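Shown here: my_file_11.cif, mmCIF, C-alpha atoms.
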```cif
data_final
#
loop_
_atom_site.label_atom_id
_atom_site.label_comp_id
_atom_site.auth_asym_id
_atom_site.auth_seq_id
_atom_site.Cartn_x
_atom_site.Cartn_y
_atom_site.Cartn_z
CA TYR V 68 101.15 -3.62 -28.53
CA ASN V 69 103.37 -1.30 -30.50
CA ALA V 70 105.51 1.41 -28.89
CA VAL V 71 107.28 4.20 -30.73
CA LYS V 72 110.08 6.27 -29.21
CA VAL V 73 111.32 9.38 -31.00
CA LEU V 74 114.54 11.10 -30.02
CA SER V 75 115.03 14.72 -31.08
CA GLU V 76 118.07 16.58 -32.39
CA ILE V 77 120.34 18.13 -29.78
CA LYS V 78 123.35 20.35 -30.42
CA VAL V 79 126.05 20.41 -27.73
CA ASN V 80 129.38 22.21 -28.26
CA ASP V 81 128.74 22.36 -32.04
CA VAL V 82 128.21 18.56 -32.20
CA LEU V 83 124.84 17.58 -33.65
CA PHE V 84 123.17 14.49 -32.19
CA SER V 85 120.46 13.58 -34.66
CA SER V 86 117.05 12.10 -33.99
CA GLU V 87 116.08 8.47 -34.39
CA THR V 88 112.75 6.65 -34.29
CA VAL V 89 112.72 3.27 -32.57
CA ASN V 90 109.66 1.00 -32.97
CA GLN V 91 109.06 -1.86 -30.54
CA THR V 92 106.32 -4.39 -31.24
CA THR V 93 105.29 -6.97 -28.65
CA ILE V 94 103.15 -10.06 -29.19
CA ASN V 95 102.46 -12.22 -26.16
CA LEU V 96 100.68 -15.43 -25.31
CA MET V 97 99.83 -15.82 -21.63
CA ALA V 98 97.70 -18.29 -19.68
CA SER V 99 96.61 -18.39 -16.05
CA TRP V 100 94.96 -21.02 -13.86
CA ARG V 101 93.05 -20.72 -10.58
CA LEU V 102 93.56 -23.57 -8.12
CA MET V 103 91.55 -24.22 -4.94
CA ASP V 104 89.83 -20.78 -5.24
CA MET V 105 92.89 -18.97 -3.82
CA ILE V 106 96.06 -19.91 -5.75
CA TYR V 107 96.78 -18.43 -9.17
CA VAL V 108 99.50 -19.69 -11.53
CA ALA V 109 100.43 -17.95 -14.79
CA GLY V 110 102.99 -18.34 -17.53
CA GLY V 111 103.67 -17.32 -21.08
CA ILE V 112 105.97 -16.13 -23.81
CA GLU V 113 106.45 -12.69 -25.31
CA ASN V 114 108.05 -11.93 -28.67
CA GLN V 115 109.60 -8.48 -28.97
CA ALA V 116 110.76 -6.99 -32.26
CA GLN V 117 112.66 -3.71 -32.58
CA THR V 118 113.21 -1.66 -35.71
CA ALA V 119 115.14 1.57 -36.01
CA GLU V 120 116.28 3.89 -38.77
CA ALA V 121 120.00 3.66 -37.93
CA GLU V 122 120.20 0.10 -36.52
CA VAL V 123 119.57 -3.36 -37.93
CA ASP V 124 116.31 -5.07 -36.91
CA ASN V 125 116.45 -7.13 -33.73
CA SER V 126 114.08 -9.52 -31.95
CA TRP V 127 114.04 -11.74 -28.86
CA MET V 128 111.68 -14.01 -26.90
CA ASN V 129 110.87 -13.36 -23.22
CA MET V 130 109.60 -16.03 -20.80
CA ALA V 131 107.24 -15.09 -17.94
CA VAL V 132 105.93 -16.98 -14.89
CA GLY V 133 103.83 -15.84 -11.97
CA LEU V 134 102.28 -17.11 -8.74
CA GLY V 135 99.57 -15.48 -6.64
CA LEU V 136 97.68 -16.17 -3.43
CA VAL V 137 94.42 -14.49 -2.39
CA VAL V 138 92.79 -15.30 0.96
CA GLY V 139 89.65 -13.69 2.39
CA ALA V 140 86.72 -11.67 1.06
CA PRO V 141 86.94 -8.14 -0.42
CA GLU V 142 84.22 -6.86 1.96
CA ASP V 143 86.03 -8.21 5.06
CA ILE V 144 89.71 -8.98 5.67
CA GLN V 145 91.69 -9.95 2.55
CA PHE V 146 95.32 -10.91 2.00
CA ARG V 147 96.99 -10.96 -1.45
CA LEU V 148 100.54 -12.00 -2.36
CA GLU V 149 101.97 -12.07 -5.91
CA TYR V 150 105.35 -12.94 -7.37
CA ALA V 151 106.29 -12.81 -11.06
CA MET V 152 109.49 -13.17 -13.06
CA ILE V 153 110.36 -12.33 -16.67
CA GLN V 154 113.56 -13.58 -18.29
CA SER V 155 114.80 -11.82 -21.41
CA PRO V 156 117.81 -13.24 -23.33
CA GLU V 157 120.70 -11.32 -24.85
CA SER V 158 120.20 -10.55 -28.52
CA ARG V 159 122.98 -9.13 -30.71
CA LYS V 160 122.72 -8.30 -34.39
CA ASP V 161 125.87 -7.26 -36.27
CA ALA V 162 126.05 -4.14 -38.42
CA GLU V 163 124.91 -4.51 -42.02
CA GLY V 164 125.67 -2.00 -44.76
CA ALA V 165 125.06 1.52 -43.46
CA LYS V 166 123.09 0.30 -40.40
CA LEU V 167 124.67 0.04 -36.94
CA ALA V 168 124.69 -3.10 -34.79
CA SER V 169 121.74 -3.66 -32.45
CA ASP V 170 122.21 -4.98 -28.90
CA HIS V 171 119.65 -6.06 -26.30
CA LYS V 172 121.03 -6.93 -22.87
CA ALA V 173 119.90 -10.11 -21.10
CA ALA V 174 117.58 -9.10 -18.27
CA ASP V 175 115.88 -10.73 -15.28
CA THR V 176 112.86 -8.82 -13.95
CA THR V 177 111.08 -9.75 -10.71
CA TYR V 178 107.86 -8.31 -9.28
CA THR V 179 106.65 -8.80 -5.71
CA SER V 180 103.34 -7.44 -4.43
CA LEU V 181 101.71 -7.77 -1.00
CA GLU V 182 98.38 -6.27 0.04
CA ILE V 183 96.36 -6.52 3.24
CA LYS V 184 92.86 -5.06 3.28
CA PHE V 185 90.85 -4.55 6.48
CA ASN V 186 87.34 -3.74 5.25
CA ASN V 187 88.08 -0.46 3.40
CA PHE V 188 91.56 0.20 4.81
CA LEU V 189 94.43 -0.95 2.54
CA LEU V 190 98.16 -1.51 3.18
CA SER V 191 100.28 -2.33 0.12
CA TYR V 192 103.89 -3.13 -0.74
CA ARG V 193 105.31 -3.50 -4.27
CA ALA V 194 108.87 -4.16 -5.39
CA GLU V 195 110.32 -4.40 -8.89
CA LYS V 196 113.91 -5.38 -9.66
CA VAL V 197 115.48 -5.38 -13.13
CA GLU V 198 118.97 -6.84 -13.56
CA LYS V 199 120.62 -6.30 -16.97
CA LYS V 200 123.81 -8.19 -17.74
CA LYS V 201 126.70 -6.68 -19.69
CA ILE V 202 127.19 -7.76 -23.28
CA ASP V 203 130.98 -7.35 -23.42
CA THR V 204 133.87 -6.02 -21.33
CA THR V 205 133.22 -2.40 -22.39
CA ASP V 206 129.62 -2.58 -21.10
CA SER V 207 128.16 -2.48 -17.58
CA ASP V 208 125.89 -4.62 -15.40
CA ASP V 209 122.85 -2.51 -14.47
CA THR V 210 120.33 -3.04 -11.67
CA ASN V 211 117.17 -0.96 -11.11
CA GLU V 212 115.17 -1.45 -7.90
CA GLU V 213 111.86 0.30 -7.26
CA THR V 214 109.92 -0.06 -3.99
CA THR V 215 106.48 1.39 -3.26
CA ILE V 216 104.68 1.32 0.10
CA GLY V 217 101.08 2.54 0.24
CA VAL V 218 98.35 3.12 2.78
CA GLY V 219 94.85 4.42 2.28
CA TRP V 220 91.09 4.11 2.09
CA MET V 221 89.75 1.91 -0.72
CA PRO V 222 86.07 0.89 -0.49
CA MET V 223 84.34 -1.33 -3.08
CA GLU V 224 82.59 1.80 -4.42
CA GLY V 225 82.95 5.53 -3.83
CA LEU V 226 85.82 7.83 -2.90
CA SER V 227 89.28 6.26 -2.60
CA VAL V 228 92.38 8.03 -1.21
CA MET V 229 95.84 6.40 -1.23
CA GLY V 230 99.22 7.73 -0.14
CA TYR V 231 102.46 6.18 -1.43
CA MET V 232 106.14 6.37 -0.52
CA GLU V 233 108.45 5.42 -3.40
CA ALA V 234 112.16 4.61 -3.46
CA LEU V 235 114.33 4.05 -6.54
CA LYS V 236 117.89 2.71 -6.61
CA GLN V 237 119.95 2.34 -9.80
CA THR V 238 123.31 0.57 -9.73
CA SER V 239 125.76 0.38 -12.63
CA LEU V 240 128.87 -1.80 -12.37
CA GLU V 241 131.54 -1.38 -15.06
CA GLY V 242 134.70 -3.32 -14.22
CA THR V 243 135.48 -2.30 -10.64
CA ASP V 244 133.65 1.06 -10.90
CA GLU V 245 130.24 1.10 -9.26
CA THR V 246 127.80 4.00 -9.65
CA ILE V 247 124.73 4.18 -7.40
CA THR V 248 121.86 6.63 -7.88
CA GLU V 249 119.01 6.84 -5.36
CA ALA V 250 115.78 8.82 -5.34
CA ASN V 251 112.76 8.98 -3.02
CA GLY V 252 109.32 10.46 -3.55
CA TYR V 253 105.72 10.57 -2.43
CA ALA V 254 102.45 10.27 -4.28
CA LEU V 255 98.80 10.83 -3.41
CA THR V 256 95.95 9.45 -5.51
CA VAL V 257 92.29 10.36 -5.21
CA SER V 258 89.79 8.39 -7.27
CA TRP V 259 86.14 7.41 -7.49
CA LEU V 260 85.44 3.70 -7.71
CA PHE V 261 82.24 2.42 -9.32
#
```
Could you spell out this file's structure in structure tokens?
Amino acid sequence: YNAVKVLSEIKVNDVLFSSETVNQTTINLMASWRLMDMIYVAGGIENQAQTAEAEVDNSWMNMAVGLGLVVGAPEDIQFRLEYAMIQSPESRKDAEGAKLASDHKAADTTYTSLEIKFNNFLLSYRAEKVEKKKIDTTDSDDTNEETTIGVGWMPMEGLSVMGYMEALKQTSLEGTDETITEANGYALTVSWLF
């Protein structure tokens, strides 16, 4: 897929921060296998390329692995557990001519998901953790943790209603200075399954 991010011009205290367009293109190759009708194993590689007007081009290769377990039938009692990890290496490109240097922090991303379904009643738990490592001594180590707990009614077909409680924690460590930001929220989804 190809993602485009456009930043606009902002003027603060007579200082003009100009806009920049950043294009990210991702090409991935993934494979998954089902073992014994209940275990799922997946793995793959993902090439990411980034171009920008003010920065030199940059690219890096991510590695992904995943493991899943599904026990039971969707119409009865079902248990599902998934774990996945993506490793992204550090990628630095030095400045060239009028273009600025481009840096991509090394990152480890983990996903954990647990669901228990009793007929049409669903309990779910999802957690995502992204750890980005500093590039040099002037940079920071950053960790983002997002947790979602849900409960609701989800039949095979028809009206579905789910309520979610979400928690987000962001930690930035620069030298001995640690900054922690936390946020909590709620979500309600109503959908029709067919």
Exercise: range 98-110 of chain V partners within 8 Å, only C-alpha atoms, chain neighbours under 6 positions left out, as a short mmCIF file (atom, residue, chain, number, x, y, z; two decimals) with C-alpha atoms, keeping the file's coordinate frame:
```
data_model
loop_
_atom_site.label_atom_id
_atom_site.label_comp_id
_atom_site.auth_asym_id
_atom_site.auth_seq_id
_atom_site.Cartn_x
_atom_site.Cartn_y
_atom_site.Cartn_z
CA MET V 130 109.60 -16.03 -20.80
CA ALA V 131 107.24 -15.09 -17.94
CA VAL V 132 105.93 -16.98 -14.89
CA GLY V 133 103.83 -15.84 -11.97
CA LEU V 134 102.28 -17.11 -8.74
CA GLY V 135 99.57 -15.48 -6.64
CA LEU V 136 97.68 -16.17 -3.43
CA VAL V 137 94.42 -14.49 -2.39
CA VAL V 138 92.79 -15.30 0.96
#
```
Could you tell me which residues the PyMOL selection byres ((chain V and resi 118) around 7) returns for this structure, as a PDB file with C-alpha atoms, in the coordinates of the input?
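For reference, part03.pdb as written:
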```pdb
ATOM      1  CA  VAL V  89     112.720   3.270 -32.570  1.00  0.00           C
ATOM      2  CA  ASN V  90     109.660   1.000 -32.970  1.00  0.00           C
ATOM      3  CA  GLN V  91     109.060  -1.860 -30.540  1.00  0.00           C
ATOM      4  CA  ALA V 116     110.760  -6.990 -32.260  1.00  0.00           C
ATOM      5  CA  GLN V 117     112.660  -3.710 -32.580  1.00  0.00           C
ATOM      6  CA  ALA V 119     115.140   1.570 -36.010  1.00  0.00           C
ATOM      7  CA  VAL V 123     119.570  -3.360 -37.930  1.00  0.00           C
ATOM      8  CA  ASP V 124     116.310  -5.070 -36.910  1.00  0.00           C
ATOM      9  CA  ASN V 125     116.450  -7.130 -33.730  1.00  0.00           C
TER      10      ASN V 125
END
```
Picked residues, the PyMOL selection byres ((chain V and resi 192) around 12), as a list of chain:residue names: V:Phe146, V:Arg147, V:Leu148, V:Glu149, V:Tyr150, V:Tyr178, V:Thr179, V:Ser180, V:Leu181, V:Glu182, V:Ile183, V:Lys184, V:Leu189, V:Leu190, V:Ser191, V:Arg193, V:Ala194, V:Glu195, V:Glu213, V:Thr214, V:Thr215, V:Ile216, V:Gly217, V:Val218, V:Gly230, V:Tyr231, V:Met232, V:Glu233, V:Ala234
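Proximity to Trp259 in chain V at 12 Å, evaluated using all atoms listed in the file and with sequence-adjacent residues fewer than 6 positions away removed, yields V:Trp220, V:Met221, V:Pro222, V:Met223, V:Glu224, V:Gly225, V:Leu226, V:Ser227, V:Val228, V:Met229.
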Selected residue, from V:Val197, V:Ala121, V:Ala254, V:Ile202, that lies nearest to Gln237 in chain V when counting only C-alpha atoms: V:Val197
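We find CA of Asp244 in chain V and CA of Ala174 in chain V to be spaced 20.4 Å apart.
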Applied to this file, what does the PyMOL selection byres ((chain V and resi 128) around 6) return in terms of residues, put as a PyMOL selection string? chain V and resi 113-114+127+129
